[in-house]
Amino acid sequence: MKPNFQLKQCLLHVLVVFLLFGIVGCVQQPLMAPSAALPASSMSIQGAASEWRAINRLTYGPTPALLADVKTNGQPLIWALTQLDAARKASLEAPKLPPDLASINNSLPAIFDGVRKERVARASVPAGTRINENVANEKRFHFQEDIEPIFFNRTQVNKAVAWRLASCSNDDVEQPLLARMTEFWFNHFNVYQQKGTVRAFAGHYAIHVARAHALGKFEDLVLASAKHPAMLYYLDQWLSVSPQPARSGQSSRGLNENYARELMELHTLGVQGGYTQNDVKELARILTGWTVSARSDTGFQFVMRLHESGHKTLMGQSIPESAQFIGEKEGEHAIRFLANHPSTAKRISRRLAEYFVADVPPQTLIDEMSSTFMATGGDIYQVMKVMLNHSAFWDPENKLYRTPYDFACASLRVLNVGQDRTKWLQAFGYAAVAGNGIQNWQTPDGYAFNANTWFTPEALTRRIDFALNIARNTSERNDLYAYLGDKTQKAVMQQPPAQRMGFVLGSSELVFK
Amino acid sequence: MTLKAPHMLNRRQAVFKTLSMGAFALPASSVLAEASAKSGRMVLVFLRGAYDGLSMLAPHGDAMYAQIRPNIAIPKPDGTLKTALALDTTFGLHPACAALLPLWQQGVLAAIPCAGSPDSSRSHFDAQYHWETGKPGASSPAPGWLNVLSGLIGKGVGVHALGVGESSPRILSGPSPVQLVGNGLLATRPGTLAETKTREAVLQLYADHEKMASAMLEGANNRMSTAAILKAPNMAASKELQAANNGAGSPQGLALDAKHLGLLMQQNRQLRLGFLSSGGWDTHINQGNVTGLLANNLTNLTNALVQLRASFNEPDDVIVVASEFGRTCAENGTRGTDHGRGNVMWLMGQRVQGGKWHGRWDGLSKDRLNEGRDLPVHHDFREVFSQVLASSFGLPKASVAEIFPGFRMDHSLDGLFNV
């Protein structure tokens, strides 16, 4: 396809970039995009700039093998679509977990059992004995030894983080676009992996919710999230029941709106999506009885006894008490309805475009993605395809600033050290200290991923510190120079060889993408 | 509850920051004009994980106390450091907090035994979110209330809030610029860009990107001046250990962070809001009594508070200690305590009506407890902070309403500060 830019649109982009970078922290003046705008006539999805764009946006950055691949292909758009197909194919297969991380993908009953054993082990610790809860840092990503039952939960968390680092940096472990999609969906359906009850399940959730449905139907993704113990625990859905009389020694239980609200506000419709407080309550009533099960293979069960029966109305739609919608089916019906709502189509399209294209993506792109979403029953693969085929994806005016998480992963790829767990540790530490720890956001809104949040003076200096530190004594990569600007190259070459990679990593070409 | 999508917030930030850079005139606002009539400073020490207030302020005079806490109660005062230190016939101080006793006796330290959030969530993260946004019950994206307050104090200009320890605490996030300094020794490291040679090399790297270059220089300068003020030994050793701590401070690190906060706020008198936090208070198991896990944490907290008192002793300065909620009054089956509701808040400062506890206390009999198990919340945390805002900052009611939307003071704590 031939991108065709109207002058008006280009001016708008310049304005948007100006506005975006002008507002950050204490920066006094707007930050211009690193490369000057190309005249519309020279736009083309070919050459180094498009190759660089594709590899840095669809993956976390250029490994030597992948860079050779995109270069050999010579058609960045074709290459991008190939990545999309490969990611979909990989999402339907089991993940290639490093053997020592495998327990995050154990069956849910086995994970529940691990949680139970930790509880038992902790209860039997003699009074006054202090349990050392801190993992020595150098041991954080070493799981060869058998784990004591008392540390089951925290080990599951560390393994889940290790798996994210492995999959973002190492293409033998994970298809690189799928690694990104998994991050996106985990963050969209965020759970906080440090919340006590969530800990053991966060890795399983990433695999079986975010990854498994990454390029499938959106409604299946929402349903998988809704029924997973990590989400059931995280937003307290497992406790939400039709009002029950208090039993002796227990406090009374009843409706909890937490999950129902976020399901509409964050997961599907969006806050302006057209629902009311009454809809929140109705949805909470519909979902009563959805709870965890330590014995079922899905980790989920529907308990009719805890379900609130009766007629409900959701967003003007009457849900009668009939055989078709009874019990669990009522909730599934409601979730499918929300997942396929036009507000949801717009919200998901915008979020994807913000993540892959620009902090303020062009409305035409969102509209095209959104109508495809509606036309295909929320087929994420098709929506992504529209995005890749749109000129906005390839427009150099559409800048993105790497989040700390993104930059941490990029560093492992650019330095080609995806196998080195001490480097994982450095990357992990950088992202954590920067406030973007891996799967570590407390609230259901997930991390922001715009420059407004992450580009501040002090954060930039810490990023440079990290780049110079992690790159120390790593091998120079001559294949990268063709993709760097003249002044960047010149500044890098002035450094002694052992320090060059740090400057490559800290360059605007890799700090942005 | 006002709901705001993240992108809306960003746009608002955009406008706010453009304004604060002086590109446009600020809109006339009576609220802003009236704001900040006093020059006091406030430091909030937030104990994440819910500390056990009934150990720090032990109700030894209540017969139920020892009965429902057979293993973990602090014993009745006998005049030694092996028991509670008597404050009056009702309460005593944990012996690990002995260094606070003189402050109580001088009348600059006060406690509010039953304070908290009106929202009944027992989830740490929900409750912390409510405390930090000042909006109990609302989970939608919202700015932190210290950030909003910072904007009001400065009338939209300048940096007035400092956080030491966490990389990006919610309570400080929002449209107004704030200063954030790393925890422990991290704050003392100016980084690689402190070396002129490296700085110049990076300047060359950004030769085509003037705004990146200027941001880099600004960041490097900030960090160098922070490090210089803190006069840090250049210790590279425990860097990675620090890095792996997820940015959350430990109780042990609190005293160092408190010292850094004091130094930085002494140097820059524009900074009038300080925020410190520590984790490690979620004592479900084996919390100990006079000694043990919790006692160690209380020792560290006490050291930090003594440190803060030395730095913040001007007439309108105030130091506040709080947690997101309290713990169960009775001990649980594992010699610890579970998540509760109300908790003890502490206030320290010249203007505080100290040497006494404030507000309602109904004792520990079951029928007086929330759901028969927790201290009730007799005083909304926003009531406490509204009192602080009036006393230390002279903020009018309209400003308080901007910080805590929808909250109405009940004036149940009107004697908290000397006028």
# chains A, B, ... in the order shown; residues from 1 in each chain; ligands from 1

call {"tool": "residues_around", "arguments": {"residues": "Gln277 of chain A", "least_positions_apart": "4", "cutoff": "12 Å", "atoms": "only C-alpha atoms", "output": "ChimeraX atom specification"}}
result
/A:257-258,260-262,264-265,271,281-284,314-315 /B:1-3

call {"tool": "select_by_dssp", "arguments": {"residues": "segment 179-234 of chain B", "states": "strand (DSSP E or B)", "output": "list in words"}}
result
Gln179, Leu180, Val181 and Gly182 of chain B

call {"tool": "select_by_dssp", "arguments": {"residues": "segment 212-352 of chain A", "states": "helix (DSSP H, G or I)", "output": "MDAnalysis selection string"}}
result
chainID A and resid 218:227 229:234 237:239 258:267 277:287 304:306 323:325 328:339 342:352

call {"tool": "residues_around", "arguments": {"residues": "Ile104 of chain A", "least_positions_apart": "3", "cutoff": "8 Å", "atoms": "only C-alpha atoms", "output": "PyMOL selection string"}}
result
chain A and resi 101+111+156+159-160+200-201+203-204

call {"tool": "write_last_selection", "arguments": {"atoms": "N, CA, C and O atoms", "output": "JSON list (two decimals), in the first residue's frame"}}
result
[["chain", "number", "residue", "atom", "x", "y", "z"],
["A", 101, "LEU", "N", 11.31, -22.61, 35.34],
["A", 101, "LEU", "CA", 10.17, -21.70, 35.59],
["A", 101, "LEU", "C", 8.83, -22.41, 35.44],
["A", 101, "LEU", "O", 7.77, -21.79, 35.58],
["A", 111, "ILE", "N", -1.38, -25.47, 41.87],
["A", 111, "ILE", "CA", -0.98, -24.16, 42.41],
["A", 111, "ILE", "C", -1.73, -23.86, 43.71],
["A", 111, "ILE", "O", -1.14, -23.43, 44.70],
["A", 156, "GLN", "N", 6.74, -18.11, 43.12],
["A", 156, "GLN", "CA", 5.89, -18.03, 41.93],
["A", 156, "GLN", "C", 5.96, -16.64, 41.31],
["A", 156, "GLN", "O", 6.01, -16.49, 40.09],
["A", 159, "LYS", "N", 9.31, -16.20, 39.60],
["A", 159, "LYS", "CA", 9.36, -16.98, 38.36],
["A", 159, "LYS", "C", 8.54, -16.30, 37.27],
["A", 159, "LYS", "O", 8.93, -16.31, 36.10],
["A", 160, "ALA", "N", 7.41, -15.74, 37.65],
["A", 160, "ALA", "CA", 6.58, -15.06, 36.65],
["A", 160, "ALA", "C", 7.35, -13.88, 36.05],
["A", 160, "ALA", "O", 7.33, -13.65, 34.84],
["A", 200, "ALA", "N", 0.51, -16.43, 43.72],
["A", 200, "ALA", "CA", 0.83, -17.73, 43.13],
["A", 200, "ALA", "C", 0.30, -17.86, 41.70],
["A", 200, "ALA", "O", 0.76, -18.70, 40.93],
["A", 201, "PHE", "N", -0.67, -17.01, 41.35],
["A", 201, "PHE", "CA", -1.40, -17.20, 40.09],
["A", 201, "PHE", "C", -1.02, -16.23, 38.97],
["A", 201, "PHE", "O", -1.51, -16.36, 37.85],
["A", 203, "GLY", "N", 1.64, -15.66, 37.15],
["A", 203, "GLY", "CA", 2.29, -16.22, 35.97],
["A", 203, "GLY", "C", 1.30, -17.03, 35.14],
["A", 203, "GLY", "O", 1.27, -16.92, 33.90],
["A", 204, "HIS", "N", 0.50, -17.82, 35.80],
["A", 204, "HIS", "CA", -0.52, -18.62, 35.12],
["A", 204, "HIS", "C", -1.51, -17.72, 34.39],
["A", 204, "HIS", "O", -1.94, -18.00, 33.27]]

call {"tool": "residues_around", "arguments": {"residues": "His142 of chain A", "least_positions_apart": "4", "cutoff": "10 Å", "atoms": "only C-alpha atoms", "output": "PyMOL selection string"}}
result
chain A and resi 100-101+137-138+155+158-159+162+421-422

call {"tool": "residues_around", "arguments": {"residues": "Phe218 of chain A", "least_positions_apart": "2", "cutoff": "10 Å", "atoms": "only C-alpha atoms", "output": "list of chain:residue names"}}
result
A:His213, A:Ala214, A:Leu215, A:Gly216, A:Asp220, A:Leu221, A:Val222, A:Leu223, A:Ala224, A:Thr268, A:Arg336, A:Ala339, A:Asn340, A:Thr344, A:Ala345, A:Ile348, A:Phe373, A:Gly377, A:Gly378, A:Asp379, A:Ile380, A:Tyr381

call {"tool": "residues_around", "arguments": {"residues": "segment 405-411 of chain A", "least_positions_apart": "4", "cutoff": "10 Å", "atoms": "only C-alpha atoms", "output": "VMD selection string"}}
result
chain A and resid 56 to 57 59 to 63 164 to 170 180 183 401 415 to 418 423 to 424 426 to 432 434 to 439 447 449 463 466 to 467 470 to 471 501 to 502 504 to 506 510 to 513

call {"tool": "residues_around", "arguments": {"residues": "Glu51 of chain A", "least_positions_apart": "6", "cutoff": "12 Å", "atoms": "only C-alpha atoms", "output": "number ranges by chain"}}
result
A: 44-45, 57-59, 61-62, 66-80, 394, 396, 480, 482-483, 513

call {"tool": "write_last_selection", "arguments": {"atoms": "N, CA, C and O atoms", "output": "JSON list (two decimals), in the first residue's frame"}}
result
[["chain", "number", "residue", "atom", "x", "y", "z"],
["A", 44, "SER", "N", 7.73, 6.12, 2.58],
["A", 44, "SER", "CA", 7.69, 4.81, 1.96],
["A", 44, "SER", "C", 7.94, 3.78, 3.03],
["A", 44, "SER", "O", 8.67, 4.02, 3.99],
["A", 45, "ILE", "N", 7.29, 2.64, 2.89],
["A", 45, "ILE", "CA", 7.51, 1.59, 3.89],
["A", 45, "ILE", "C", 8.65, 0.71, 3.40],
["A", 45, "ILE", "O", 8.49, -0.46, 3.12],
["A", 57, "ARG", "N", 8.99, -1.55, 17.38],
["A", 57, "ARG", "CA", 7.61, -1.43, 17.89],
["A", 57, "ARG", "C", 6.93, -2.78, 18.03],
["A", 57, "ARG", "O", 6.14, -2.98, 18.95],
["A", 58, "LEU", "N", 7.21, -3.68, 17.14],
["A", 58, "LEU", "CA", 6.54, -4.99, 17.20],
["A", 58, "LEU", "C", 7.30, -5.95, 18.09],
["A", 58, "LEU", "O", 6.75, -6.95, 18.54],
["A", 59, "THR", "N", 8.57, -5.67, 18.31],
["A", 59, "THR", "CA", 9.34, -6.45, 19.28],
["A", 59, "THR", "C", 9.96, -5.44, 20.24],
["A", 59, "THR", "O", 9.83, -4.24, 20.06],
["A", 61, "GLY", "N", 13.00, -4.86, 20.50],
["A", 61, "GLY", "CA", 14.22, -4.26, 19.97],
["A", 61, "GLY", "C", 15.01, -5.25, 19.14],
["A", 61, "GLY", "O", 14.69, -6.44, 19.05],
["A", 62, "PRO", "N", 16.07, -4.75, 18.50],
["A", 62, "PRO", "CA", 16.80, -5.54, 17.52],
["A", 62, "PRO", "C", 17.84, -6.49, 18.11],
["A", 62, "PRO", "O", 18.88, -6.04, 18.58],
["A", 66, "LEU", "N", 17.22, -11.10, 14.49],
["A", 66, "LEU", "CA", 15.97, -10.51, 14.02],
["A", 66, "LEU", "C", 16.22, -9.31, 13.10],
["A", 66, "LEU", "O", 15.49, -9.09, 12.13],
["A", 67, "LEU", "N", 17.27, -8.58, 13.40],
["A", 67, "LEU", "CA", 17.60, -7.44, 12.55],
["A", 67, "LEU", "C", 18.00, -7.94, 11.16],
["A", 67, "LEU", "O", 17.61, -7.36, 10.13],
["A", 68, "ALA", "N", 18.77, -9.02, 11.14],
["A", 68, "ALA", "CA", 19.16, -9.62, 9.85],
["A", 68, "ALA", "C", 17.92, -10.08, 9.10],
["A", 68, "ALA", "O", 17.80, -9.93, 7.88],
["A", 69, "ASP", "N", 16.96, -10.60, 9.85],
["A", 69, "ASP", "CA", 15.73, -11.11, 9.26],
["A", 69, "ASP", "C", 14.92, -10.01, 8.58],
["A", 69, "ASP", "O", 14.50, -10.15, 7.43],
["A", 70, "VAL", "N", 14.72, -8.91, 9.28],
["A", 70, "VAL", "CA", 13.92, -7.83, 8.71],
["A", 70, "VAL", "C", 14.64, -7.19, 7.52],
["A", 70, "VAL", "O", 14.04, -6.80, 6.52],
["A", 71, "LYS", "N", 15.97, -7.16, 7.61],
["A", 71, "LYS", "CA", 16.77, -6.57, 6.53],
["A", 71, "LYS", "C", 16.72, -7.45, 5.28],
["A", 71, "LYS", "O", 16.53, -6.96, 4.16],
["A", 72, "THR", "N", 16.87, -8.74, 5.49],
["A", 72, "THR", "CA", 16.82, -9.67, 4.37],
["A", 72, "THR", "C", 15.45, -9.64, 3.69],
["A", 72, "THR", "O", 15.34, -9.69, 2.47],
["A", 73, "ASN", "N", 14.44, -9.58, 4.51],
["A", 73, "ASN", "CA", 13.08, -9.53, 3.97],
["A", 73, "ASN", "C", 12.89, -8.31, 3.06],
["A", 73, "ASN", "O", 12.33, -8.42, 1.97],
["A", 74, "GLY", "N", 13.40, -7.17, 3.52],
["A", 74, "GLY", "CA", 13.38, -5.98, 2.68],
["A", 74, "GLY", "C", 12.04, -5.29, 2.56],
["A", 74, "GLY", "O", 11.95, -4.21, 1.97],
["A", 75, "GLN", "N", 10.99, -5.92, 3.05],
["A", 75, "GLN", "CA", 9.63, -5.33, 2.97],
["A", 75, "GLN", "C", 9.07, -5.25, 4.40],
["A", 75, "GLN", "O", 8.39, -6.17, 4.85],
["A", 76, "PRO", "N", 9.35, -4.17, 5.09],
["A", 76, "PRO", "CA", 8.96, -4.10, 6.51],
["A", 76, "PRO", "C", 7.48, -4.38, 6.76],
["A", 76, "PRO", "O", 7.14, -5.00, 7.77],
["A", 77, "LEU", "N", 6.60, -3.95, 5.87],
["A", 77, "LEU", "CA", 5.18, -4.22, 6.09],
["A", 77, "LEU", "C", 4.89, -5.72, 5.99],
["A", 77, "LEU", "O", 4.19, -6.28, 6.85],
["A", 78, "ILE", "N", 5.46, -6.35, 4.96],
["A", 78, "ILE", "CA", 5.29, -7.80, 4.82],
["A", 78, "ILE", "C", 5.87, -8.50, 6.05],
["A", 78, "ILE", "O", 5.26, -9.42, 6.62],
["A", 79, "TRP", "N", 7.04, -8.03, 6.46],
["A", 79, "TRP", "CA", 7.69, -8.62, 7.64],
["A", 79, "TRP", "C", 6.80, -8.47, 8.87],
["A", 79, "TRP", "O", 6.63, -9.41, 9.65],
["A", 80, "ALA", "N", 6.21, -7.29, 9.02],
["A", 80, "ALA", "CA", 5.34, -7.03, 10.17],
["A", 80, "ALA", "C", 4.14, -7.98, 10.18],
["A", 80, "ALA", "O", 3.78, -8.55, 11.21],
["A", 394, "TRP", "N", 3.36, 3.73, 10.17],
["A", 394, "TRP", "CA", 4.69, 3.91, 9.56],
["A", 394, "TRP", "C", 5.13, 5.35, 9.50],
["A", 394, "TRP", "O", 6.23, 5.66, 9.07],
["A", 396, "PRO", "N", 6.77, 8.56, 10.41],
["A", 396, "PRO", "CA", 7.84, 8.90, 11.36],
["A", 396, "PRO", "C", 7.45, 10.02, 12.32],
["A", 396, "PRO", "O", 8.11, 10.21, 13.35],
["A", 480, "LEU", "N", 24.24, -2.39, 13.94],
["A", 480, "LEU", "CA", 23.29, -1.36, 14.37],
["A", 480, "LEU", "C", 23.58, 0.01, 13.76],
["A", 480, "LEU", "O", 22.67, 0.84, 13.64],
["A", 482, "ALA", "N", 24.07, 1.31, 10.92],
["A", 482, "ALA", "CA", 23.33, 1.81, 9.74],
["A", 482, "ALA", "C", 21.99, 2.43, 10.14],
["A", 482, "ALA", "O", 21.39, 3.17, 9.35],
["A", 483, "TYR", "N", 21.53, 2.13, 11.36],
["A", 483, "TYR", "CA", 20.22, 2.61, 11.78],
["A", 483, "TYR", "C", 20.30, 3.85, 12.68],
["A", 483, "TYR", "O", 19.29, 4.36, 13.12],
["A", 513, "LYS", "N", 11.26, 5.18, 20.09],
["A", 513, "LYS", "CA", 11.17, 4.07, 19.14],
["A", 513, "LYS", "C", 10.24, 4.46, 18.01],
["A", 513, "LYS", "O", 9.44, 5.38, 18.13]]

call {"tool": "closest_residue", "arguments": {"among": "A:Glu476, A:Asp171, A:Asn440, A:Tyr234", "to": "Ala65 of chain A", "atoms": "only C-alpha atoms"}}
result
A:Asp171

call {"tool": "atom_distance", "arguments": {"atom1": "atom CA of Val320 of chain B", "atom2": "atom CA of Leu44 of chain B"}}
result
4.9 Å

call {"tool": "atom_distance", "arguments": {"atom1": "atom CA of Leu263 of chain B", "atom2": "atom CA of Pro177 of chain B"}}
result
19.9 Å

call {"tool": "closest_residue", "arguments": {"among": "B:Asn71, B:Val164, B:Gly262, B:Gly49", "to": "Gln194 of chain A", "atoms": "only C-alpha atoms"}}
result
B:Gly49
